[in-house]
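Comments concern the structure below.
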Amino acid sequence: MSDNNKLWAGRFQEPIDAFVEAFTASVEFDKRLAPFDIQGSIAHAQMLARQGIISAAEKDSIVAGLSQIAERIQRGEFTWSIAREDVHMNIEAALTEAIGEAGKKLHTGRSRNDQVATDVRLWLREEIGLIRAELMRLQTALLDSAEAEADTLMPGFTHLQTAQPISFGHHLLAWFEMLERDRERLADCLKRVNILPLGAAALAGTSYPIDRVYVAERLGFERPAENSLDAVSDRDFAIEFAAAASILMMHLSRMSEELIIWSSAQFGFIELSDSFCTGSSIMPQKKNPDVPELVRGKSGRVFGHLMGLLTLMKGQPLAYNKDNQEDKEPLFDTADTLRGCLKVFADMIPAISPRRETMRAAALKGFATATDLADYLVRQGLAFRDAHEVVGKAVALGVASGRDLAEIPLAELQPFSPLIGADVYTVLSLEGSLAARDHIGGTAPRQVREAIQRARQRLELN
Ligand code: ARG
């Protein structure tokens, strides 16, 4: 359906090719920006009237017309047309249809180039707010679980081999810290999102006596962008968001991986509630951790969007190029994917039941307190490197005889070093090992509880 009344058709003699019309149109996806487009247009019209560029009556008519269009869109009663290319021209054309001549004045002193950049920033600002709220909900769930599991023993791993005993709460706090950096990154990204491009017009600014500071204030932007060329061509803010989103997804993917491993029969550290799992169509015994698996899988598409956006920008000369129309789908999908993953994680964390006995039993295997024995010998005056060797030999005996260090009687330990006394068994216990790591950032339950208090304060502060 080709329309000869294109808003830009003045210089054209032939109608647009039907396929090209569909090929260049973006309305199918950018209609999502409609509420922000209207918000930006209302602020622009108010500024035009305030500066005497249009009359107050024209402004009132524009604002009323746009508000009605916003309602029609919300009710699903607005007809979008690809002949009108994008969200901006669909709305402008509908405005003129609704209010007549005044509608034709809305675009005074503005271009779709500064308009679209403004719309995307308004949209992203809102998305970042929603994403940070969901992130906080997940972080709060982690803190609540960490509090309940501050004393729960589990093996800590390096190389996925048993390393030292830790508390499950301490492990959950590590996740909290990863996410806390993500929350900071998003807040930092927001500083650069929240800058107003409008007023840059097509690329060079406009000859009308506009007031960009007023528009920035009305729309809640920090300030107008300094340079008009940069204002219409900059998509750094979108790339930064995709980068922050990618790092966050990488974190969720690592957390997912652990949940998947822990919920396997071989580990059995946790039980995921049925509502976050699915069964197998062939194997009746299966309960699969689909939710963490999907989150791990979805990290790939978000990383892909980051690459897509970087590649989109790398060859573009200043200022606006139509390439930029391709920024929306990856951006929208990044925000939707991220928000969905955060929501499902925030809901899932409280639905994880730790199997405390299994975790404790696993910590008893694998000589997790070997370092504690070495530290014990150091306290008796042995150099650490010599202590390391003594303990290595004791571990070799344990491996050969199928016993953990705590199960080897004193008479068999003492030949390795006369410094080993009967009190050694307190340091060889899991609880003793845990409690000994009693400093900021350590796994001692006392420290975990204090870390949780500090974490709650950080969440409250911003
Ligand atoms: N739909 C376009 C986009 O998303 C709007 C800006 C078009 N500007 C232009 N000069 N053709 O980027």
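In the structure tokens, the first chain shown is A, the next is B, and so on; residue numbers restart at 1 for each chain, and ligands run from 1 in the order shown.
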
Exercise answer, 6 Å around ligand 1 with only C-alpha atoms and all ligand atoms, as a list in words: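 Counting only what the definition allows, namely only C-alpha atoms and all ligand atoms, the set is Ser26, Asp86, Arg112, Asn113, Val116, Lys322, Asn324 and Gln325 of chain A.
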
Mind dumping the selected residues with N, CA and C atoms as a PDB file, in the first residue's frame?
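selection_34.pdb written:
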ATOM      1  N   SER A  26      10.380   1.049   9.486  1.00  0.00           N
ATOM      2  CA  SER A  26      10.763   0.524  10.797  1.00  0.00           C
ATOM      3  C   SER A  26       9.595   0.487  11.767  1.00  0.00           C
ATOM      4  N   ASP A  86       7.870   5.146   9.759  1.00  0.00           N
ATOM      5  CA  ASP A  86       8.292   4.874  11.131  1.00  0.00           C
ATOM      6  C   ASP A  86       7.325   5.466  12.152  1.00  0.00           C
ATOM      7  N   ARG A 112      13.852  14.147  12.311  1.00  0.00           N
ATOM      8  CA  ARG A 112      13.696  12.814  12.889  1.00  0.00           C
ATOM      9  C   ARG A 112      15.022  12.338  13.492  1.00  0.00           C
ATOM     10  N   ASN A 113      16.110  12.944  13.037  1.00  0.00           N
ATOM     11  CA  ASN A 113      17.408  12.491  13.552  1.00  0.00           C
ATOM     12  C   ASN A 113      17.579  12.797  15.041  1.00  0.00           C
ATOM     13  N   VAL A 116      14.543  10.766  16.964  1.00  0.00           N
ATOM     14  CA  VAL A 116      14.689   9.338  17.264  1.00  0.00           C
ATOM     15  C   VAL A 116      15.731   9.126  18.366  1.00  0.00           C
ATOM     16  N   LYS A 322      21.211   6.083   7.945  1.00  0.00           N
ATOM     17  CA  LYS A 322      20.050   5.207   8.103  1.00  0.00           C
ATOM     18  C   LYS A 322      20.422   3.894   8.801  1.00  0.00           C
ATOM     19  N   ASN A 324      21.493   3.539  11.478  1.00  0.00           N
ATOM     20  CA  ASN A 324      21.106   3.633  12.891  1.00  0.00           C
ATOM     21  C   ASN A 324      19.729   3.072  13.190  1.00  0.00           C
ATOM     22  N   GLN A 325      18.917   2.968  12.153  1.00  0.00           N
ATOM     23  CA  GLN A 325      17.599   2.369  12.355  1.00  0.00           C
ATOM     24  C   GLN A 325      17.745   0.930  12.881  1.00  0.00           C
TER      25      GLN A 325
END

Contacts of Leu106 of chain A at 10 Å (only C-alpha atoms; same-chain gap of 5+ positions) as a PyMOL selection string: chain A and resi 41-42+44-46+48+54+58-59+62-63+92+95-96+101

Expected answer as a short mmCIF file (atom, residue, chain, number, x, y, z; two decimals) with N, CA, C and O atoms, in the first residue's frame: helix (DSSP H, G or I) residues in segment 238-309 of chain A:
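And here is the file that came out, selection08.cif:
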data_model
loop_
_atom_site.label_atom_id
_atom_site.label_comp_id
_atom_site.auth_asym_id
_atom_site.auth_seq_id
_atom_site.Cartn_x
_atom_site.Cartn_y
_atom_site.Cartn_z
N ALA A 238 23.89 3.32 23.80
CA ALA A 238 23.24 2.02 23.54
C ALA A 238 24.26 0.89 23.65
O ALA A 238 23.97 -0.18 24.19
N ILE A 239 25.45 1.15 23.15
CA ILE A 239 26.51 0.14 23.21
C ILE A 239 26.92 -0.11 24.66
O ILE A 239 27.11 -1.25 25.09
N GLU A 240 27.01 0.99 25.41
CA GLU A 240 27.37 0.85 26.83
C GLU A 240 26.33 0.02 27.57
O GLU A 240 26.67 -0.81 28.41
N PHE A 241 25.08 0.29 27.24
CA PHE A 241 24.01 -0.48 27.89
C PHE A 241 24.15 -1.96 27.51
O PHE A 241 24.06 -2.85 28.37
N ALA A 242 24.39 -2.23 26.23
CA ALA A 242 24.52 -3.62 25.79
C ALA A 242 25.74 -4.28 26.44
O ALA A 242 25.73 -5.49 26.73
N ALA A 243 26.79 -3.49 26.69
CA ALA A 243 27.98 -4.04 27.34
C ALA A 243 27.68 -4.37 28.80
O ALA A 243 28.02 -5.45 29.30
N ALA A 244 27.02 -3.43 29.48
CA ALA A 244 26.65 -3.69 30.89
C ALA A 244 25.70 -4.88 30.96
O ALA A 244 25.81 -5.74 31.85
N ALA A 245 24.78 -4.95 30.00
CA ALA A 245 23.82 -6.07 29.97
C ALA A 245 24.56 -7.39 29.71
O ALA A 245 24.23 -8.42 30.30
N SER A 246 25.56 -7.34 28.86
CA SER A 246 26.32 -8.57 28.54
C SER A 246 27.07 -9.07 29.77
O SER A 246 27.09 -10.27 30.05
N ILE A 247 27.69 -8.15 30.50
CA ILE A 247 28.42 -8.57 31.70
C ILE A 247 27.44 -9.15 32.72
O ILE A 247 27.70 -10.19 33.33
N LEU A 248 26.30 -8.49 32.84
CA LEU A 248 25.28 -9.00 33.78
C LEU A 248 24.82 -10.40 33.34
O LEU A 248 24.69 -11.32 34.16
N MET A 249 24.58 -10.58 32.06
CA MET A 249 24.15 -11.89 31.56
C MET A 249 25.25 -12.93 31.77
O MET A 249 24.97 -14.10 32.05
N MET A 250 26.50 -12.51 31.61
CA MET A 250 27.62 -13.44 31.87
C MET A 250 27.58 -13.90 33.33
O MET A 250 27.78 -15.07 33.64
N HIS A 251 27.27 -12.96 34.22
CA HIS A 251 27.16 -13.33 35.64
C HIS A 251 25.99 -14.29 35.87
O HIS A 251 26.14 -15.30 36.56
N LEU A 252 24.85 -13.96 35.29
CA LEU A 252 23.68 -14.84 35.48
C LEU A 252 23.97 -16.22 34.90
O LEU A 252 23.52 -17.24 35.41
N SER A 253 24.75 -16.24 33.82
CA SER A 253 25.09 -17.51 33.19
C SER A 253 26.01 -18.35 34.09
O SER A 253 25.84 -19.56 34.21
N ARG A 254 26.94 -17.69 34.74
CA ARG A 254 27.83 -18.42 35.67
C ARG A 254 27.03 -18.93 36.87
O ARG A 254 27.22 -20.07 37.33
N MET A 255 26.14 -18.11 37.36
CA MET A 255 25.28 -18.54 38.47
C MET A 255 24.43 -19.73 38.02
O MET A 255 24.27 -20.72 38.77
N SER A 256 23.91 -19.65 36.82
CA SER A 256 23.09 -20.74 36.26
C SER A 256 23.90 -22.03 36.21
O SER A 256 23.41 -23.10 36.58
N GLU A 257 25.12 -21.91 35.73
CA GLU A 257 25.97 -23.08 35.60
C GLU A 257 26.15 -23.77 36.95
O GLU A 257 26.08 -25.00 37.06
N GLU A 258 26.35 -22.98 38.00
CA GLU A 258 26.50 -23.57 39.33
C GLU A 258 25.22 -24.24 39.79
O GLU A 258 25.23 -25.34 40.35
N LEU A 259 24.10 -23.58 39.54
CA LEU A 259 22.82 -24.17 39.96
C LEU A 259 22.60 -25.50 39.24
O LEU A 259 22.09 -26.46 39.81
N ILE A 260 22.98 -25.54 37.97
CA ILE A 260 22.80 -26.76 37.18
C ILE A 260 23.68 -27.89 37.75
O ILE A 260 23.22 -29.01 37.96
N ILE A 261 24.93 -27.56 38.02
CA ILE A 261 25.84 -28.57 38.58
C ILE A 261 25.33 -29.03 39.95
O ILE A 261 25.24 -30.22 40.23
N TRP A 262 24.99 -28.06 40.78
CA TRP A 262 24.57 -28.40 42.16
C TRP A 262 23.31 -29.25 42.19
O TRP A 262 23.10 -30.01 43.13
N ASP A 274 9.92 -27.60 41.94
CA ASP A 274 9.32 -28.12 40.70
C ASP A 274 8.88 -27.01 39.75
O ASP A 274 8.94 -27.16 38.54
N SER A 275 8.44 -25.88 40.31
CA SER A 275 7.90 -24.84 39.44
C SER A 275 8.96 -24.18 38.56
O SER A 275 8.63 -23.41 37.66
N PHE A 276 10.23 -24.49 38.80
CA PHE A 276 11.29 -23.93 37.94
C PHE A 276 11.97 -25.00 37.11
O PHE A 276 13.06 -24.78 36.57
N ASP A 290 15.62 -26.38 33.63
CA ASP A 290 15.46 -25.60 32.39
C ASP A 290 15.68 -24.11 32.57
O ASP A 290 16.21 -23.45 31.68
N VAL A 291 15.22 -23.58 33.71
CA VAL A 291 15.30 -22.12 33.86
C VAL A 291 16.75 -21.65 33.85
O VAL A 291 17.13 -20.81 33.03
N PRO A 292 17.61 -22.20 34.72
CA PRO A 292 19.01 -21.76 34.62
C PRO A 292 19.65 -22.11 33.28
O PRO A 292 20.49 -21.35 32.79
N GLU A 293 19.25 -23.21 32.69
CA GLU A 293 19.84 -23.55 31.37
C GLU A 293 19.47 -22.50 30.33
O GLU A 293 20.30 -22.08 29.53
N LEU A 294 18.21 -22.07 30.36
CA LEU A 294 17.77 -21.07 29.38
C LEU A 294 18.47 -19.74 29.61
O LEU A 294 18.87 -19.05 28.66
N VAL A 295 18.61 -19.37 30.86
CA VAL A 295 19.29 -18.11 31.17
C VAL A 295 20.73 -18.18 30.65
O VAL A 295 21.23 -17.25 30.01
N ARG A 296 21.39 -19.31 30.90
CA ARG A 296 22.76 -19.49 30.39
C ARG A 296 22.76 -19.37 28.87
O ARG A 296 23.61 -18.72 28.27
N GLY A 297 21.76 -19.97 28.23
CA GLY A 297 21.68 -19.92 26.77
C GLY A 297 21.40 -18.51 26.25
O GLY A 297 21.95 -18.09 25.24
N LYS A 298 20.55 -17.79 26.96
CA LYS A 298 20.17 -16.45 26.49
C LYS A 298 21.32 -15.45 26.60
O LYS A 298 21.28 -14.39 25.99
N SER A 299 22.34 -15.77 27.39
CA SER A 299 23.47 -14.85 27.45
C SER A 299 24.06 -14.67 26.04
O SER A 299 24.48 -13.58 25.67
N GLY A 300 24.02 -15.73 25.25
CA GLY A 300 24.59 -15.67 23.90
C GLY A 300 23.94 -14.61 23.03
O GLY A 300 24.63 -13.88 22.32
N ARG A 301 22.62 -14.50 23.10
CA ARG A 301 21.99 -13.51 22.21
C ARG A 301 22.31 -12.09 22.65
O ARG A 301 22.45 -11.17 21.84
N VAL A 302 22.44 -11.90 23.96
CA VAL A 302 22.77 -10.54 24.44
C VAL A 302 24.20 -10.17 24.02
O VAL A 302 24.45 -9.05 23.55
N PHE A 303 25.13 -11.11 24.16
CA PHE A 303 26.51 -10.84 23.69
C PHE A 303 26.47 -10.51 22.19
O PHE A 303 27.19 -9.63 21.71
N GLY A 304 25.64 -11.24 21.47
CA GLY A 304 25.51 -11.02 20.02
C GLY A 304 25.03 -9.61 19.72
O GLY A 304 25.53 -8.96 18.79
N HIS A 305 24.08 -9.13 20.50
CA HIS A 305 23.57 -7.77 20.27
C HIS A 305 24.67 -6.73 20.50
O HIS A 305 24.73 -5.73 19.81
N LEU A 306 25.51 -6.97 21.50
CA LEU A 306 26.63 -6.04 21.74
C LEU A 306 27.54 -5.99 20.51
O LEU A 306 27.90 -4.91 20.03
N MET A 307 27.87 -7.17 19.99
CA MET A 307 28.72 -7.21 18.78
C MET A 307 28.01 -6.53 17.62
O MET A 307 28.61 -5.81 16.83
N GLY A 308 26.70 -6.79 17.51
CA GLY A 308 25.91 -6.20 16.42
C GLY A 308 25.96 -4.68 16.47
O GLY A 308 26.16 -4.01 15.45
N LEU A 309 25.79 -4.13 17.66
CA LEU A 309 25.75 -2.68 17.79
C LEU A 309 27.13 -2.06 17.52
O LEU A 309 27.24 -1.01 16.88
#

Nearest-residue call for Gln164 of chain A, choices A:Thr426, A:Ser401, A:Thr371, A:Thr118, using only C-alpha atoms: A:Thr371

Close residues, Thr443 of chain A itself excluded, 7 Å, only C-alpha atoms, min 4 positions apart in chain, as a PyMOL selection string: chain A and resi 166-167+170+434+437+447-448

Keeping only C-alpha atoms, write those residues as an mmCIF file, in the first residue's frame.
data_model
loop_
_atom_site.group_PDB
_atom_site.id
_atom_site.type_symbol
_atom_site.label_atom_id
_atom_site.label_comp_id
_atom_site.auth_asym_id
_atom_site.auth_seq_id
_atom_site.Cartn_x
_atom_site.Cartn_y
_atom_site.Cartn_z
ATOM 1 C CA ILE A 166 33.141 -22.288 52.869
ATOM 2 C CA SER A 167 29.656 -21.387 53.943
ATOM 3 C CA HIS A 170 29.384 -16.818 51.650
ATOM 4 C CA LEU A 434 35.276 -21.888 58.576
ATOM 5 C CA ARG A 437 38.670 -17.154 58.296
ATOM 6 C CA GLN A 447 31.910 -12.151 58.894
ATOM 7 C CA VAL A 448 29.213 -13.356 56.500
#

Nearest-residue call for Ser81 of chain A, choices A:Ala163, A:Glu21, A:Arg32, A:Ala422, using only C-alpha atoms: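 Closest to Ser81 of chain A, using only C-alpha atoms: A:Glu21.
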
Distance in Å - atom CA of Ala34 of chain A versus atom CA of Gly76 of chain A: 12.1 Å

Shell around Asn288 of chain A at 7 Å using only C-alpha atoms, local window under 2 positions removed, as a PDB file with all heavy atoms, in the first residue's frame:
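Contents of the output file out_32.pdb:
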ATOM      1  N   CYS A 277      11.361 -26.178  37.036  1.00  0.00           N
ATOM      2  CA  CYS A 277      11.952 -27.280  36.281  1.00  0.00           C
ATOM      3  C   CYS A 277      10.917 -27.850  35.321  1.00  0.00           C
ATOM      4  O   CYS A 277       9.741 -27.558  35.418  1.00  0.00           O
ATOM      5  CB  CYS A 277      12.403 -28.390  37.232  1.00  0.00           C
ATOM      6  SG  CYS A 277      13.679 -27.845  38.367  1.00  0.00           S
ATOM      7  N   THR A 278      11.383 -28.641  34.387  1.00  0.00           N
ATOM      8  CA  THR A 278      10.446 -29.376  33.526  1.00  0.00           C
ATOM      9  C   THR A 278      10.904 -30.825  33.460  1.00  0.00           C
ATOM     10  O   THR A 278      12.027 -31.160  33.844  1.00  0.00           O
ATOM     11  CB  THR A 278      10.414 -28.810  32.092  1.00  0.00           C
ATOM     12  OG1 THR A 278      11.710 -28.958  31.541  1.00  0.00           O
ATOM     13  CG2 THR A 278       9.994 -27.362  32.062  1.00  0.00           C
ATOM     14  N   GLY A 279      10.005 -31.669  32.946  1.00  0.00           N
ATOM     15  CA  GLY A 279      10.325 -33.088  32.842  1.00  0.00           C
ATOM     16  C   GLY A 279      10.773 -33.449  31.442  1.00  0.00           C
ATOM     17  O   GLY A 279      10.876 -32.598  30.568  1.00  0.00           O
ATOM     18  N   LYS A 286      13.296 -37.793  34.980  1.00  0.00           N
ATOM     19  CA  LYS A 286      13.995 -36.522  34.840  1.00  0.00           C
ATOM     20  C   LYS A 286      13.265 -35.328  35.427  1.00  0.00           C
ATOM     21  O   LYS A 286      12.054 -35.210  35.339  1.00  0.00           O
ATOM     22  CB  LYS A 286      14.238 -36.232  33.346  1.00  0.00           C
ATOM     23  CG  LYS A 286      15.206 -37.187  32.678  1.00  0.00           C
ATOM     24  CD  LYS A 286      16.628 -36.961  33.143  1.00  0.00           C
ATOM     25  CE  LYS A 286      17.168 -35.701  32.560  1.00  0.00           C
ATOM     26  NZ  LYS A 286      18.222 -35.908  31.599  1.00  0.00           N
ATOM     27  N   ASP A 290      15.621 -26.379  33.627  1.00  0.00           N
ATOM     28  CA  ASP A 290      15.457 -25.597  32.394  1.00  0.00           C
ATOM     29  C   ASP A 290      15.676 -24.111  32.573  1.00  0.00           C
ATOM     30  O   ASP A 290      16.212 -23.449  31.680  1.00  0.00           O
ATOM     31  CB  ASP A 290      14.032 -25.762  31.836  1.00  0.00           C
ATOM     32  CG  ASP A 290      13.810 -27.137  31.270  1.00  0.00           C
ATOM     33  OD1 ASP A 290      14.210 -28.115  31.930  1.00  0.00           O
ATOM     34  OD2 ASP A 290      13.230 -27.224  30.179  1.00  0.00           O
TER      35      ASP A 290
END

Residues flagged strand (DSSP E) by DSSP in segment 164-393 of chain A, as a VMD selection string: chain A and resid 164 to 167 195 to 196 223 to 224 270 to 272 352 to 354

Those residues with N, CA, C and O atoms, as a PDB file, in the first residue's frame please?
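Ended up saving to again_32.pdb:
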ATOM      1  N   GLN A 164      38.641 -25.576  49.857  1.00  0.00           N
ATOM      2  CA  GLN A 164      38.544 -25.319  51.298  1.00  0.00           C
ATOM      3  C   GLN A 164      37.067 -25.215  51.666  1.00  0.00           C
ATOM      4  O   GLN A 164      36.251 -24.854  50.824  1.00  0.00           O
ATOM      5  N   PRO A 165      36.740 -25.491  52.925  1.00  0.00           N
ATOM      6  CA  PRO A 165      35.335 -25.353  53.323  1.00  0.00           C
ATOM      7  C   PRO A 165      34.922 -23.880  53.273  1.00  0.00           C
ATOM      8  O   PRO A 165      35.698 -22.999  53.632  1.00  0.00           O
ATOM      9  N   ILE A 166      33.712 -23.644  52.823  1.00  0.00           N
ATOM     10  CA  ILE A 166      33.141 -22.288  52.869  1.00  0.00           C
ATOM     11  C   ILE A 166      31.708 -22.424  53.359  1.00  0.00           C
ATOM     12  O   ILE A 166      31.192 -23.541  53.476  1.00  0.00           O
ATOM     13  N   SER A 167      31.084 -21.295  53.608  1.00  0.00           N
ATOM     14  CA  SER A 167      29.656 -21.387  53.943  1.00  0.00           C
ATOM     15  C   SER A 167      28.872 -21.078  52.668  1.00  0.00           C
ATOM     16  O   SER A 167      29.310 -20.297  51.812  1.00  0.00           O
ATOM     17  N   ILE A 195      21.039  12.432  28.443  1.00  0.00           N
ATOM     18  CA  ILE A 195      21.481  13.687  27.809  1.00  0.00           C
ATOM     19  C   ILE A 195      20.538  13.942  26.631  1.00  0.00           C
ATOM     20  O   ILE A 195      20.197  13.010  25.909  1.00  0.00           O
ATOM     21  N   LEU A 196      20.132  15.183  26.440  1.00  0.00           N
ATOM     22  CA  LEU A 196      19.122  15.506  25.417  1.00  0.00           C
ATOM     23  C   LEU A 196      19.700  15.802  24.030  1.00  0.00           C
ATOM     24  O   LEU A 196      20.411  16.795  23.853  1.00  0.00           O
ATOM     25  N   ARG A 223      21.071  17.504  30.799  1.00  0.00           N
ATOM     26  CA  ARG A 223      21.478  18.706  30.051  1.00  0.00           C
ATOM     27  C   ARG A 223      21.346  18.404  28.566  1.00  0.00           C
ATOM     28  O   ARG A 223      21.263  17.239  28.180  1.00  0.00           O
ATOM     29  N   PRO A 224      21.366  19.452  27.718  1.00  0.00           N
ATOM     30  CA  PRO A 224      21.369  19.203  26.275  1.00  0.00           C
ATOM     31  C   PRO A 224      22.747  18.696  25.838  1.00  0.00           C
ATOM     32  O   PRO A 224      23.752  19.077  26.431  1.00  0.00           O
ATOM     33  N   ILE A 270      21.641 -28.936  45.996  1.00  0.00           N
ATOM     34  CA  ILE A 270      20.394 -28.160  46.110  1.00  0.00           C
ATOM     35  C   ILE A 270      19.264 -28.910  45.432  1.00  0.00           C
ATOM     36  O   ILE A 270      19.486 -29.801  44.609  1.00  0.00           O
ATOM     37  N   GLU A 271      18.077 -28.494  45.787  1.00  0.00           N
ATOM     38  CA  GLU A 271      16.878 -28.989  45.101  1.00  0.00           C
ATOM     39  C   GLU A 271      16.189 -27.737  44.566  1.00  0.00           C
ATOM     40  O   GLU A 271      15.916 -26.802  45.303  1.00  0.00           O
ATOM     41  N   LEU A 272      15.954 -27.734  43.248  1.00  0.00           N
ATOM     42  CA  LEU A 272      15.216 -26.618  42.652  1.00  0.00           C
ATOM     43  C   LEU A 272      13.739 -26.965  42.721  1.00  0.00           C
ATOM     44  O   LEU A 272      13.367 -28.087  42.389  1.00  0.00           O
ATOM     45  N   ILE A 352      15.009 -22.245  46.048  1.00  0.00           N
ATOM     46  CA  ILE A 352      16.112 -23.208  46.073  1.00  0.00           C
ATOM     47  C   ILE A 352      16.230 -23.779  47.494  1.00  0.00           C
ATOM     48  O   ILE A 352      16.358 -23.029  48.456  1.00  0.00           O
ATOM     49  N   SER A 353      16.159 -25.107  47.610  1.00  0.00           N
ATOM     50  CA  SER A 353      16.369 -25.700  48.940  1.00  0.00           C
ATOM     51  C   SER A 353      17.750 -26.320  48.997  1.00  0.00           C
ATOM     52  O   SER A 353      18.046 -27.236  48.238  1.00  0.00           O
ATOM     53  N   PRO A 354      18.592 -25.823  49.907  1.00  0.00           N
ATOM     54  CA  PRO A 354      19.915 -26.434  50.045  1.00  0.00           C
ATOM     55  C   PRO A 354      19.797 -27.800  50.730  1.00  0.00           C
ATOM     56  O   PRO A 354      18.987 -27.955  51.641  1.00  0.00           O
TER      57      PRO A 354
END

Close residues, Glu177 of chain A itself excluded, 12 Å, only C-alpha atoms, min 4 positions apart in chain, as number ranges by chain: A: 135-136, 138-140, 142-143, 170-173, 181-184, 248, 251, 441, 451-452, 454-456, 458-459

Of the listed residues A:Ser280, A:Leu153, A:Leu419, A:Ser263, that which approaches Ala444 of chain A most closely, counting only C-alpha atoms: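 Of A:Ser280, A:Leu153, A:Leu419, A:Ser263, the one nearest Ala444 of chain A, counting only C-alpha atoms, is A:Leu153.
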
Straight-line distance linking atom CA of Ala411 of chain A with atom CA of Gly398 of chain A, stated in Å to one decimal: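 So the two atoms, atom CA of Ala411 of chain A and atom CA of Gly398 of chain A, lie 13.7 Å apart.
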
Interatomic distance, atom CA of Trp80 of chain A to atom CA of Ser67 of chain A (Å, one decimal): 16.7 Å

Shortest interatomic distance to Glu407 of chain A - which of A:Gln285, A:Thr369, A:Ser55, A:Thr108, counting only C-alpha atoms: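 Of A:Gln285, A:Thr369, A:Ser55, A:Thr108, the one nearest Glu407 of chain A is A:Thr369, counting only C-alpha atoms.
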
Residues within 9 Å of Arg446 of chain A, only C-alpha atoms, excluding chain neighbours under 3 positions, as a PyMOL selection string: chain A and resi 150-151+435+438+443+449-451

Next, the residues of the selection above should be written as a PDB file, in the first residue's frame with N, CA, C and O atoms.
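The result, written out as result_38.pdb:
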ATOM      1  N   ALA A 150      24.202 -18.793  56.499  1.00  0.00           N
ATOM      2  CA  ALA A 150      25.523 -18.295  56.916  1.00  0.00           C
ATOM      3  C   ALA A 150      26.370 -19.397  57.553  1.00  0.00           C
ATOM      4  O   ALA A 150      27.597 -19.373  57.478  1.00  0.00           O
ATOM      5  N   ASP A 151      25.732 -20.368  58.190  1.00  0.00           N
ATOM      6  CA  ASP A 151      26.474 -21.447  58.862  1.00  0.00           C
ATOM      7  C   ASP A 151      26.512 -22.742  58.050  1.00  0.00           C
ATOM      8  O   ASP A 151      27.091 -23.725  58.505  1.00  0.00           O
ATOM      9  N   ALA A 435      35.345 -20.972  60.813  1.00  0.00           N
ATOM     10  CA  ALA A 435      35.387 -19.892  61.802  1.00  0.00           C
ATOM     11  C   ALA A 435      36.746 -19.192  61.806  1.00  0.00           C
ATOM     12  O   ALA A 435      36.854 -18.019  62.182  1.00  0.00           O
ATOM     13  N   ASP A 438      38.343 -15.287  59.719  1.00  0.00           N
ATOM     14  CA  ASP A 438      37.549 -14.292  60.435  1.00  0.00           C
ATOM     15  C   ASP A 438      38.067 -12.882  60.183  1.00  0.00           C
ATOM     16  O   ASP A 438      38.654 -12.254  61.054  1.00  0.00           O
ATOM     17  N   THR A 443      35.110 -16.177  55.078  1.00  0.00           N
ATOM     18  CA  THR A 443      33.913 -17.016  55.075  1.00  0.00           C
ATOM     19  C   THR A 443      33.386 -17.339  56.473  1.00  0.00           C
ATOM     20  O   THR A 443      32.353 -18.001  56.606  1.00  0.00           O
ATOM     21  N   ARG A 449      27.686 -12.659  58.262  1.00  0.00           N
ATOM     22  CA  ARG A 449      26.538 -11.885  58.774  1.00  0.00           C
ATOM     23  C   ARG A 449      26.822 -10.384  58.725  1.00  0.00           C
ATOM     24  O   ARG A 449      25.955  -9.591  58.379  1.00  0.00           O
ATOM     25  N   GLU A 450      28.037  -9.997  59.036  1.00  0.00           N
ATOM     26  CA  GLU A 450      28.358  -8.560  58.966  1.00  0.00           C
ATOM     27  C   GLU A 450      28.346  -8.061  57.530  1.00  0.00           C
ATOM     28  O   GLU A 450      27.887  -6.967  57.247  1.00  0.00           O
ATOM     29  N   ALA A 451      28.845  -8.902  56.630  1.00  0.00           N
ATOM     30  CA  ALA A 451      28.843  -8.524  55.202  1.00  0.00           C
ATOM     31  C   ALA A 451      27.408  -8.333  54.708  1.00  0.00           C
ATOM     32  O   ALA A 451      27.130  -7.441  53.904  1.00  0.00           O
TER      33      ALA A 451
END
